[in-house]
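Asks: I'm passing along coords_9.tsv; it holds TSV, C-alpha atoms and all ligand atoms.
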chain	number	residue	atom	x	y	z
A	179	MET	CA	-23.99	0.79	-3.33
A	180	ARG	CA	-20.90	-0.98	-2.01
A	181	LYS	CA	-17.87	0.84	-0.66
A	182	THR	CA	-14.76	-0.48	-2.38
A	183	GLY	CA	-11.01	-0.10	-2.26
A	184	PHE	CA	-7.53	-1.52	-1.83
A	185	ILE	CA	-5.82	-2.29	1.48
A	186	ALA	CA	-2.17	-3.35	1.52
A	187	ILE	CA	-0.97	-5.82	4.15
A	188	ALA	CA	2.65	-5.10	5.00
A	189	GLY	CA	5.22	-5.83	7.68
A	190	LEU	CA	8.36	-7.72	8.59
A	191	ALA	CA	9.04	-11.18	7.18
A	192	ASN	CA	7.24	-13.90	9.14
A	193	ALA	CA	4.94	-11.43	10.93
A	194	GLY	CA	1.86	-13.41	9.88
A	195	LYS	CA	0.65	-11.30	6.93
A	196	SER	CA	-0.40	-14.13	4.62
A	197	THR	CA	-2.12	-16.04	7.42
A	198	LEU	CA	-4.03	-12.85	8.19
A	199	LEU	CA	-4.95	-12.36	4.52
A	200	ASN	CA	-6.36	-15.89	4.36
A	201	ALA	CA	-8.31	-15.30	7.58
A	202	LEU	CA	-9.69	-11.95	6.37
A	203	ILE	CA	-11.06	-13.41	3.14
A	204	GLU	CA	-11.96	-16.78	4.75
A	205	GLN	CA	-10.12	-18.71	2.00
A	206	LYS	CA	-6.63	-20.09	1.75
A	207	ILE	CA	-4.98	-18.46	-1.25
A	208	ALA	CA	-1.63	-17.25	0.08
A	209	ILE	CA	0.98	-19.78	1.14
A	210	VAL	CA	2.21	-19.75	4.73
A	211	SER	CA	5.27	-21.17	6.45
A	212	PRO	CA	7.39	-20.62	9.55
A	213	LYS	CA	10.30	-19.56	7.31
A	214	PRO	CA	10.80	-15.87	6.52
A	215	GLN	CA	10.43	-14.75	2.90
A	216	THR	CA	7.64	-17.18	2.14
A	217	THR	CA	5.69	-14.67	0.04
A	218	ARG	CA	7.62	-13.51	-3.02
A	219	ASP	CA	5.22	-11.29	-4.90
A	220	ASN	CA	2.02	-9.38	-4.28
A	221	ILE	CA	-1.15	-11.43	-4.24
A	222	LEU	CA	-4.66	-10.01	-4.10
A	223	GLY	CA	-7.28	-11.49	-1.79
A	224	ILE	CA	-10.79	-10.21	-2.42
A	225	TRP	CA	-13.58	-9.94	0.15
A	226	THR	CA	-17.06	-9.04	-1.12
A	227	ASP	CA	-20.13	-8.73	1.10
A	228	ASP	CA	-23.41	-6.80	1.07
A	229	ASP	CA	-21.89	-3.41	1.74
A	230	SER	CA	-18.27	-3.62	0.57
A	231	GLN	CA	-15.57	-5.03	-1.67
A	232	ILE	CA	-12.16	-4.98	-0.03
A	233	VAL	CA	-9.18	-5.87	-2.19
A	234	PHE	CA	-6.37	-6.89	0.14
A	235	VAL	CA	-2.83	-6.89	-1.24
A	236	ASP	CA	-0.54	-9.33	0.57
A	237	THR	CA	3.10	-8.34	0.15
A	238	PRO	CA	6.47	-10.02	0.71
A	239	GLY	CA	7.98	-9.45	4.15
A	240	TYR	CA	10.33	-6.51	4.37
A	241	LEU	CA	13.94	-7.66	3.98
A	242	THR	CA	17.32	-6.33	3.01
A	243	SER	CA	17.83	-7.45	-0.54
A	244	ARG	CA	20.89	-9.48	-1.44
A	245	ASN	CA	20.01	-10.65	-4.94
A	246	ALA	CA	17.82	-9.85	-7.95
A	247	LEU	CA	14.89	-11.80	-6.48
A	248	GLY	CA	15.18	-9.70	-3.31
A	249	ASP	CA	15.11	-6.53	-5.43
A	250	PHE	CA	11.97	-7.81	-7.14
A	251	MET	CA	10.36	-8.45	-3.72
A	252	LEU	CA	11.24	-4.95	-2.46
A	253	LYS	CA	9.77	-3.43	-5.62
A	254	SER	CA	6.59	-5.46	-5.10
A	255	ILE	CA	6.21	-4.06	-1.58
A	256	ASP	CA	6.76	-0.50	-2.76
A	257	SER	CA	4.26	-0.75	-5.57
A	258	ALA	CA	1.65	-2.24	-3.24
A	259	ILE	CA	1.87	0.31	-0.47
A	260	SER	CA	1.96	3.43	-2.61
A	261	ASP	CA	-1.51	3.63	-4.03
A	262	VAL	CA	-3.99	2.16	-1.55
A	263	ASP	CA	-6.83	3.39	0.65
A	264	CYS	CA	-5.23	2.06	3.79
A	265	LEU	CA	-2.10	0.32	4.95
A	266	LEU	CA	-2.62	-2.58	7.34
A	267	ALA	CA	0.67	-2.94	9.21
A	268	VAL	CA	1.02	-6.42	10.65
A	269	ILE	CA	3.13	-6.82	13.77
A	270	ASP	CA	3.96	-10.15	15.39
A	271	GLY	CA	3.12	-9.47	19.02
A	272	HIS	CA	3.96	-12.84	20.52
A	273	ASP	CA	7.31	-11.74	21.88
A	274	GLY	CA	6.59	-8.07	22.42
A	275	ILE	CA	6.77	-5.35	19.76
A	276	SER	CA	10.28	-5.25	18.34
A	277	ASP	CA	12.31	-2.13	17.47
A	278	LYS	CA	12.55	-3.48	13.92
A	279	ALA	CA	8.77	-3.54	13.63
A	280	LEU	CA	8.54	0.00	14.98
A	281	ALA	CA	11.22	1.26	12.58
A	282	LEU	CA	9.25	-0.14	9.67
A	283	LEU	CA	6.02	1.36	11.00
A	284	GLU	CA	7.69	4.75	11.04
A	285	LYS	CA	8.39	4.39	7.31
A	286	TYR	CA	4.71	3.73	6.64
A	287	GLY	CA	3.89	6.97	8.44
A	288	LYS	CA	5.56	8.88	5.61
A	289	LYS	CA	3.34	7.36	2.94
A	290	ASN	CA	0.40	9.70	3.36
A	291	VAL	CA	-2.03	6.80	3.69
A	292	PRO	CA	-4.09	5.90	6.78
A	293	VAL	CA	-2.21	3.25	8.76
A	294	VAL	CA	-4.03	0.62	10.84
A	295	VAL	CA	-2.00	-1.80	12.96
A	296	ALA	CA	-2.88	-5.46	13.46
A	297	VAL	CA	-0.91	-7.01	16.31
A	298	THR	CA	-1.19	-10.70	15.57
A	299	LYS	CA	-0.41	-14.11	17.12
A	300	THR	CA	-2.24	-13.10	20.32
A	301	ASP	CA	-3.11	-16.77	20.83
A	302	ILE	CA	0.51	-17.34	21.89
A	303	THR	CA	0.88	-14.05	23.77
A	304	GLN	CA	0.24	-13.44	27.44
A	305	PRO	CA	-2.16	-10.48	27.74
A	306	GLU	CA	-0.30	-8.98	30.72
A	307	LYS	CA	2.90	-8.95	28.67
A	308	LEU	CA	1.27	-7.49	25.59
A	309	MET	CA	-0.48	-4.55	27.28
A	310	PRO	CA	2.64	-2.52	28.10
A	311	GLU	CA	4.05	-3.34	24.66
A	312	LEU	CA	1.00	-1.83	22.97
A	313	ALA	CA	1.77	1.47	24.68
A	314	LYS	CA	4.81	1.74	22.37
A	315	LEU	CA	2.40	2.38	19.51
A	316	ASN	CA	0.97	5.52	21.15
A	317	ARG	CA	3.86	7.66	20.00
A	318	TYR	CA	2.94	7.19	16.33
A	319	GLY	CA	0.26	9.79	15.74
A	320	PHE	CA	-0.38	8.57	12.20
A	321	VAL	CA	-1.62	5.18	13.45
A	322	LYS	CA	-5.41	5.42	13.24
A	323	GLU	CA	-6.31	2.26	15.13
A	324	VAL	CA	-4.76	-0.85	16.67
A	325	TYR	CA	-6.43	-4.28	16.58
A	326	CYS	CA	-5.12	-7.31	18.50
A	327	VAL	CA	-5.93	-10.44	16.54
A	328	SER	CA	-5.09	-14.09	16.10
A	329	ALA	CA	-5.27	-15.12	12.46
A	330	ARG	CA	-4.64	-18.73	13.42
A	331	LYS	CA	-7.58	-18.86	15.83
A	332	GLY	CA	-9.77	-16.41	13.89
A	333	ARG	CA	-9.85	-14.07	16.89
A	334	ASN	CA	-11.06	-10.51	16.21
A	335	ILE	CA	-10.80	-11.00	12.45
A	336	SER	CA	-14.33	-9.92	11.52
A	337	THR	CA	-14.02	-6.90	13.85
A	338	LEU	CA	-10.83	-5.91	12.03
A	339	ARG	CA	-12.41	-6.44	8.60
A	340	ASN	CA	-15.46	-4.36	9.54
A	341	GLY	CA	-13.23	-1.67	11.05
A	342	LEU	CA	-11.25	-1.42	7.82
A	343	LYS	CA	-14.36	-0.65	5.78
A	344	LYS	CA	-14.39	2.96	6.93
A	345	TYR	CA	-11.16	3.61	4.96
A	346	LEU	CA	-12.56	2.46	1.61
A	347	THR	CA	-12.87	5.40	-0.76
A	348	GLY	CA	-14.27	3.86	-3.97
A	349	ASP	CA	-17.78	3.01	-5.04
A	350	SER	CA	-17.24	0.84	-8.11
A	351	MET	CA	-16.48	-2.86	-8.01
A	352	TYR	CA	-13.00	-3.94	-9.11
A	353	PHE	CA	-13.78	-7.66	-9.30
A	354	GLN	CA	-16.75	-10.00	-9.73
A	355	GLU	CA	-18.69	-10.87	-6.59
A	356	ASP	CA	-17.31	-14.42	-6.47
A	357	ASP	CA	-13.66	-13.62	-7.31
A	358	ILE	CA	-11.29	-14.38	-4.45
A	359	THR	CA	-7.92	-13.55	-6.02
A	360	ASP	CA	-6.28	-12.08	-9.11
A	361	LYS	CA	-4.03	-15.10	-9.51
A	362	SER	CA	-4.63	-17.97	-11.93
A	363	ARG	CA	-5.12	-21.56	-10.88
A	364	SER	CA	-1.72	-22.45	-12.32
A	365	TYR	CA	-0.09	-19.78	-10.13
A	366	LEU	CA	-1.83	-21.17	-7.04
A	367	VAL	CA	-0.80	-24.73	-7.97
A	368	ALA	CA	2.87	-23.69	-8.30
A	369	GLU	CA	2.66	-21.88	-4.97
A	370	ILE	CA	1.23	-24.98	-3.28
A	371	ILE	CA	4.31	-26.92	-4.40
A	372	ARG	CA	6.60	-24.17	-3.10
A	373	GLU	CA	4.78	-24.17	0.24
A	374	LYS	CA	5.36	-27.90	0.63
A	375	VAL	CA	9.06	-27.44	-0.15
A	376	LEU	CA	9.18	-24.74	2.55
A	377	LEU	CA	7.47	-27.04	5.04
A	378	ASN	CA	9.47	-30.18	4.21
A	379	CYS	CA	13.00	-28.83	3.67
A	380	ASP	CA	15.23	-27.17	6.22
A	381	GLU	CA	17.48	-24.18	6.34
A	382	GLU	CA	18.48	-22.33	3.22
A	383	ILE	CA	17.09	-24.79	0.64
A	384	PRO	CA	13.57	-23.30	0.26
A	385	HIS	CA	14.85	-19.78	-0.30
A	386	GLY	CA	16.59	-20.96	-3.45
A	387	VAL	CA	13.64	-22.94	-4.80
A	388	GLY	CA	11.45	-21.86	-7.70
A	389	ILE	CA	8.61	-23.77	-9.33
A	390	GLN	CA	8.10	-24.11	-13.05
A	391	LEU	CA	4.89	-25.70	-14.33
A	392	ASN	CA	5.46	-27.82	-17.44
A	393	LYS	CA	1.91	-29.07	-17.85
A	394	MET	CA	-1.50	-28.58	-16.27
A	395	GLN	CA	-4.16	-30.42	-18.22
A	396	TYR	CA	-7.62	-31.64	-17.31
A	397	ASP	CA	-8.71	-35.06	-18.54
A	398	GLU	CA	-12.51	-35.01	-18.61
A	399	GLU	CA	-12.94	-38.75	-19.03
A	400	ARG	CA	-10.90	-39.53	-15.95
A	401	ASP	CA	-11.95	-36.39	-14.07
A	402	GLU	CA	-8.28	-35.84	-13.30
A	403	TRP	CA	-5.76	-33.04	-13.61
A	404	ASP	CA	-2.39	-34.04	-15.00
A	405	ILE	CA	0.19	-31.68	-13.51
A	406	ASP	CA	3.91	-31.80	-14.25
A	407	ALA	CA	6.34	-29.35	-12.63
A	408	ASN	CA	10.02	-28.67	-12.08
A	409	VAL	CA	11.34	-27.85	-8.65
A	410	ILE	CA	14.27	-25.59	-9.51
A	411	VAL	CA	17.17	-25.45	-7.05
A	412	GLU	CA	20.05	-22.97	-7.20
A	413	LYS	CA	22.98	-25.30	-6.38
A	414	ALA	CA	23.84	-28.82	-7.53
A	415	SER	CA	24.38	-29.79	-3.89
A	416	HIS	CA	20.72	-28.96	-3.11
A	417	LYS	CA	19.34	-31.50	-5.56
A	418	PRO	CA	20.02	-34.66	-3.52
A	419	ILE	CA	18.60	-32.93	-0.43
A	420	VAL	CA	15.31	-32.08	-2.15
A	421	LEU	CA	15.15	-35.59	-3.62
A	422	GLY	CA	15.89	-37.19	-0.26
A	423	LYS	CA	16.98	-40.76	0.45
A	424	GLN	CA	15.52	-42.93	-2.30
A	425	GLY	CA	13.32	-40.01	-3.30
A	426	ALA	CA	11.62	-39.85	0.09
A	427	MET	CA	11.68	-36.05	0.35
A	428	ILE	CA	10.28	-35.25	-3.09
A	429	LYS	CA	7.65	-37.96	-2.57
A	430	SER	CA	6.53	-36.33	0.64
A	431	ILE	CA	6.45	-32.87	-1.02
A	432	GLY	CA	4.40	-34.34	-3.87
A	433	ARG	CA	1.98	-36.11	-1.54
A	434	ASP	CA	1.34	-32.98	0.54
A	435	ALA	CA	1.02	-30.79	-2.57
A	436	ARG	CA	-1.38	-33.16	-4.30
A	437	ARG	CA	-3.70	-33.15	-1.28
A	438	ASP	CA	-4.00	-29.34	-1.35
A	439	MET	CA	-4.31	-29.22	-5.14
A	440	GLU	CA	-7.20	-31.66	-5.03
A	441	LYS	CA	-8.98	-29.35	-2.58
A	442	LEU	CA	-8.34	-26.33	-4.80
A	443	LEU	CA	-9.29	-28.01	-8.08
A	444	GLU	CA	-12.04	-30.21	-6.62
A	445	SER	CA	-10.95	-33.28	-8.57
A	446	HIS	CA	-8.20	-35.91	-8.68
A	447	VAL	CA	-4.67	-34.80	-9.42
A	448	PHE	CA	-1.88	-36.81	-11.00
A	449	LEU	CA	1.28	-34.95	-10.06
A	450	THR	CA	4.81	-35.46	-11.40
A	451	LEU	CA	7.71	-33.47	-9.91
A	452	TRP	CA	11.25	-33.15	-11.24
A	453	VAL	CA	14.19	-31.56	-9.45
A	454	LYS	CA	16.35	-29.40	-11.75
A	455	VAL	CA	19.41	-27.27	-11.06
A	456	LYS	CA	19.67	-23.71	-12.39
A	457	GLU	CA	22.81	-22.30	-10.82
A	458	ASP	CA	22.32	-19.03	-8.98
A	459	TRP	CA	18.92	-18.44	-10.64
A	460	ARG	CA	17.95	-15.81	-8.07
A	461	ASN	CA	20.45	-13.53	-9.80
A	462	ARG	CA	19.45	-14.43	-13.36
A	463	PRO	CA	16.64	-12.26	-14.74
A	464	SER	CA	15.94	-14.68	-17.61
A	465	VAL	CA	15.23	-17.59	-15.24
A	466	MET	CA	13.33	-15.30	-12.87
A	467	ASN	CA	11.09	-14.24	-15.74
A	468	GLU	CA	10.45	-17.89	-16.60
A	469	LEU	CA	9.39	-18.53	-13.02
A	470	GLY	CA	6.99	-15.59	-13.02
A	471	TYR	CA	9.11	-13.03	-11.17
A	472	LYS	CA	9.00	-10.47	-13.92
A	473	ILE	CA	11.41	-7.61	-13.52
B	1	LIG	N1	0.31	-18.88	16.78
B	1	LIG	C1	0.11	-18.16	15.67
B	1	LIG	N2	0.94	-18.33	14.63
B	1	LIG	C2	0.69	-17.59	13.52
B	1	LIG	C3	-0.39	-16.67	13.43
B	1	LIG	N3	-0.33	-16.09	12.21
B	1	LIG	C4	0.72	-16.63	11.58
B	1	LIG	N4	1.34	-17.53	12.35
B	1	LIG	C5	2.50	-18.36	11.99
B	1	LIG	O1	3.59	-17.50	11.71
B	1	LIG	C6	4.39	-18.04	10.64
B	1	LIG	C7	4.51	-17.04	9.52
B	1	LIG	O2	3.24	-16.83	8.94
B	1	LIG	P1	3.05	-16.20	7.49
B	1	LIG	O3	1.60	-15.86	7.36
B	1	LIG	O4	3.68	-17.04	6.44
B	1	LIG	O5	3.90	-14.85	7.66
B	1	LIG	P2	4.22	-13.75	6.57
B	1	LIG	O6	4.27	-12.44	7.29
B	1	LIG	O7	3.29	-13.83	5.43
B	1	LIG	O8	5.69	-14.17	6.14
B	1	LIG	P3	6.52	-13.79	4.79
B	1	LIG	O9	5.64	-14.07	3.61
B	1	LIG	O10	7.69	-14.70	4.85
B	1	LIG	O11	6.88	-12.36	4.94
B	1	LIG	C8	3.69	-19.33	10.21
B	1	LIG	O12	4.31	-20.42	10.86
B	1	LIG	C9	2.27	-19.15	10.71
B	1	LIG	O13	1.59	-20.36	10.98
B	1	LIG	C10	-1.25	-16.54	14.56
B	1	LIG	O14	-2.21	-15.77	14.60
B	1	LIG	N5	-0.95	-17.31	15.65
B	2	MG	MG	3.59	-14.09	3.44
Output the file's structure in the form of structure tokens.
Ligand SMILES: Nc1nc2c(ncn2[C@@H]2O[C@H](COP(=O)(O)OP(=O)(O)OP(=O)(O)O)[C@@H](O)[C@H]2O)c(=O)[nH]1
Ligand SMILES: [Mg+2]
Replies:
Amino acid sequence: MRKTGFIAIAGLANAGKSTLLNALIEQKIAIVSPKPQTTRDNILGIWTDDDSQIVFVDTPGYLTSRNALGDFMLKSIDSAISDVDCLLAVIDGHDGISDKALALLEKYGKKNVPVVVAVTKTDITQPEKLMPELAKLNRYGFVKEVYCVSARKGRNISTLRNGLKKYLTGDSMYFQEDDITDKSRSYLVAEIIREKVLLNCDEEIPHGVGIQLNKMQYDEERDEWDIDANVIVEKASHKPIVLGKQGAMIKSIGRDARRDMEKLLESHVFLTLWVKVKEDWRNRPSVMNELGYKI
């Protein structure tokens, strides 16, 4: 019989949670970018092997909310970390362990759930600098174990995954053996577009971008997916930036997105993107609902 259970992945924005999720389940399902607040809602990543089924819950990075979308993200974190077998606290260790990360860790200690720490990005950390930093974690008695990993290089990932199995408390499967996430293909397709906006556009633009799928249809004869989506921006002045000079920016977003979609869907993709303005949508529950951020 397999041991099963839920493990939430939590931590500060940009700590490397989603990259770690993808590494733990050996599939790319969660989008990743160097910009904080990349993840907006909880996404499950499922690992099934001979002796276990671990359901990882990737959460948005902890932030101080300034709008309705931020409130939604905070609620998502809370709901994920309340009812799990274990909390995997991810700390970016590349520049030492920050006071902010420790303050957040202290909050997890009050949750009455075993806490395991993953100090990540060790591929860009000097070991002699990291060692004294790790000592800071000793004062938190509720921390069961600390693993130093690199999600980018796959370092220590299987050791971490195996180590986490001891916290699983269930014995019935929650998902099919070949399931890798709870999210639909259309959700993953919209997220791919958002990731490419994050990677192509600078500064505050990506934080105000939402993706709305208008069409996702498979044409059997042509073995091609026809996908049509709106890139929603929150200010009229953002539209020309996302479009770029003679459409260069949106073309580049589309090209990058199509490449990843073709990998995901394993067939050709014909992608059409539109840029639309919905003023201040991050404070408008009706638009947020349309974009899938249901509050
Ligand atoms: N060098 C290095 N970079 C990493 C590693 N893990 C993540 N990163 C980078 O750190 C940045 C943030 O990664 P994410 O996985 O999106 O971080 P996150 O914690 O999910 O961020 P939010 O969803 O915004 O809270 C990206 O540029 C990643 O490529 C790692 O192990 N090594
Ligand atoms: Mg993330």
Asks: Which distance in Å separates CA of Val291 (chain A) and CA of Asp263 (chain A), to one decimal?
Replies: 6.6 Å
Asks: Do you know which residues are at most 10 Å from region 336-339 of chain A counting all atoms listed in the file, after dropping those on the same chain fewer than 3 positions away, and could you put them as a PyMOL selection string?
Replies: chain A and resi 201-204+225+232+294-296+323-327+332-333+342-344
Asks: Hey, which residues sit close to ligand LIG 1 (chain B)? Say within 7 Å, counting all atoms listed in the file, and write them as an MDAnalysis selection string.
Replies: chainID A and resid 189:198 209:218 238:240 298:302 327:331
Asks: Using Å and a single decimal, report how far CA of Leu366 (chain A) sits from CA of Lys413 (chain A).
Replies: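 Between CA of Lys413 (chain A) and CA of Leu366 (chain A) the gap works out to 25.2 Å.
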Asks: Just the number, please: distance in Å from CA of Leu391 (chain A) to CA of Ala368 (chain A), one decimal.
Replies: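 CA of Ala368 (chain A) lies 6.7 Å from CA of Leu391 (chain A).
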Asks: Go through A:Glu355, A:Glu284, A:Glu369, A:Asp277 one by one, measure the shortest atom-to-atom distance of each to ligand MG 2 (chain B) using only C-alpha atoms and all ligand atoms, and give the residue with the smallest value.
Replies: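 Closest to ligand MG 2 (chain B), using only C-alpha atoms and all ligand atoms: A:Glu369.
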Asks: Which is closest to Asp380 (chain A) among A:Val420, A:Lys288, A:Lys429, A:Lys454, if we use only C-alpha atoms?
Replies: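 Once distances to Asp380 (chain A) are computed over only C-alpha atoms, the minimum belongs to A:Val420.
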Asks: Hey, what's within 8 Å of Ser350 (chain A) if we count all atoms listed in the file and toss same-chain stuff fewer than 3 positions away? As an mmCIF file with C-alpha atoms, in the coordinates of the input, please?
Replies:
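What ended up in result-v4.cif:
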data_model
loop_
_atom_site.group_PDB
_atom_site.id
_atom_site.type_symbol
_atom_site.label_atom_id
_atom_site.label_comp_id
_atom_site.auth_asym_id
_atom_site.auth_seq_id
_atom_site.Cartn_x
_atom_site.Cartn_y
_atom_site.Cartn_z
ATOM 1 C CA ARG A 180 -20.900 -0.980 -2.010
ATOM 2 C CA LYS A 181 -17.870 0.840 -0.660
ATOM 3 C CA THR A 182 -14.760 -0.480 -2.380
#
Asks: Ranking A:Val262, A:Ala186, A:Asp270, A:Asn200 by minimum distance to Asp236 (chain A) and counting all atoms listed in the file, which one comes first?
Replies: A:Ala186
Asks: Which residue gives the smallest distance to Val387 (chain A) among A:Val297, A:Leu247, A:Ser430, A:Lys423, with all atoms listed in the file counted?
Replies: A:Leu247
Asks: Which residue out of A:Gln231, A:Ser260, A:Ser243, A:Ser364 has the minimum interatomic distance to Pro292 (chain A) when all atoms listed in the file are used?
Replies: A:Ser260
Asks: Looking at A:Ile335, A:Met394, A:Leu283, A:Val321, which one is nearest to Val447 (chain A), with distances taken over only C-alpha atoms?
Replies: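 Checking each candidate against Val447 (chain A), we get A:Met394 as the closest.
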Asks: Got a sec: who's within 8 Å of Gly386 (chain A), counting only C-alpha atoms, leaving out chain neighbours fewer than 2 positions off, as a PyMOL selection string?
Replies: chain A and resi 382-384+388+410-412+459-460
Asks: Just C-alpha atoms for this one: save the residues we selected as a compact mmCIF listing (two decimals), in the coordinates of the input.
Replies:
# COMPACT_ATOMS: atom_id res chain seq x y z
CA GLU A 382 18.48 -22.33 3.22
CA ILE A 383 17.09 -24.79 0.64
CA PRO A 384 13.57 -23.30 0.26
CA GLY A 388 11.45 -21.86 -7.70
CA ILE A 410 14.27 -25.59 -9.51
CA VAL A 411 17.17 -25.45 -7.05
CA GLU A 412 20.05 -22.97 -7.20
CA TRP A 459 18.92 -18.44 -10.64
CA ARG A 460 17.95 -15.81 -8.07
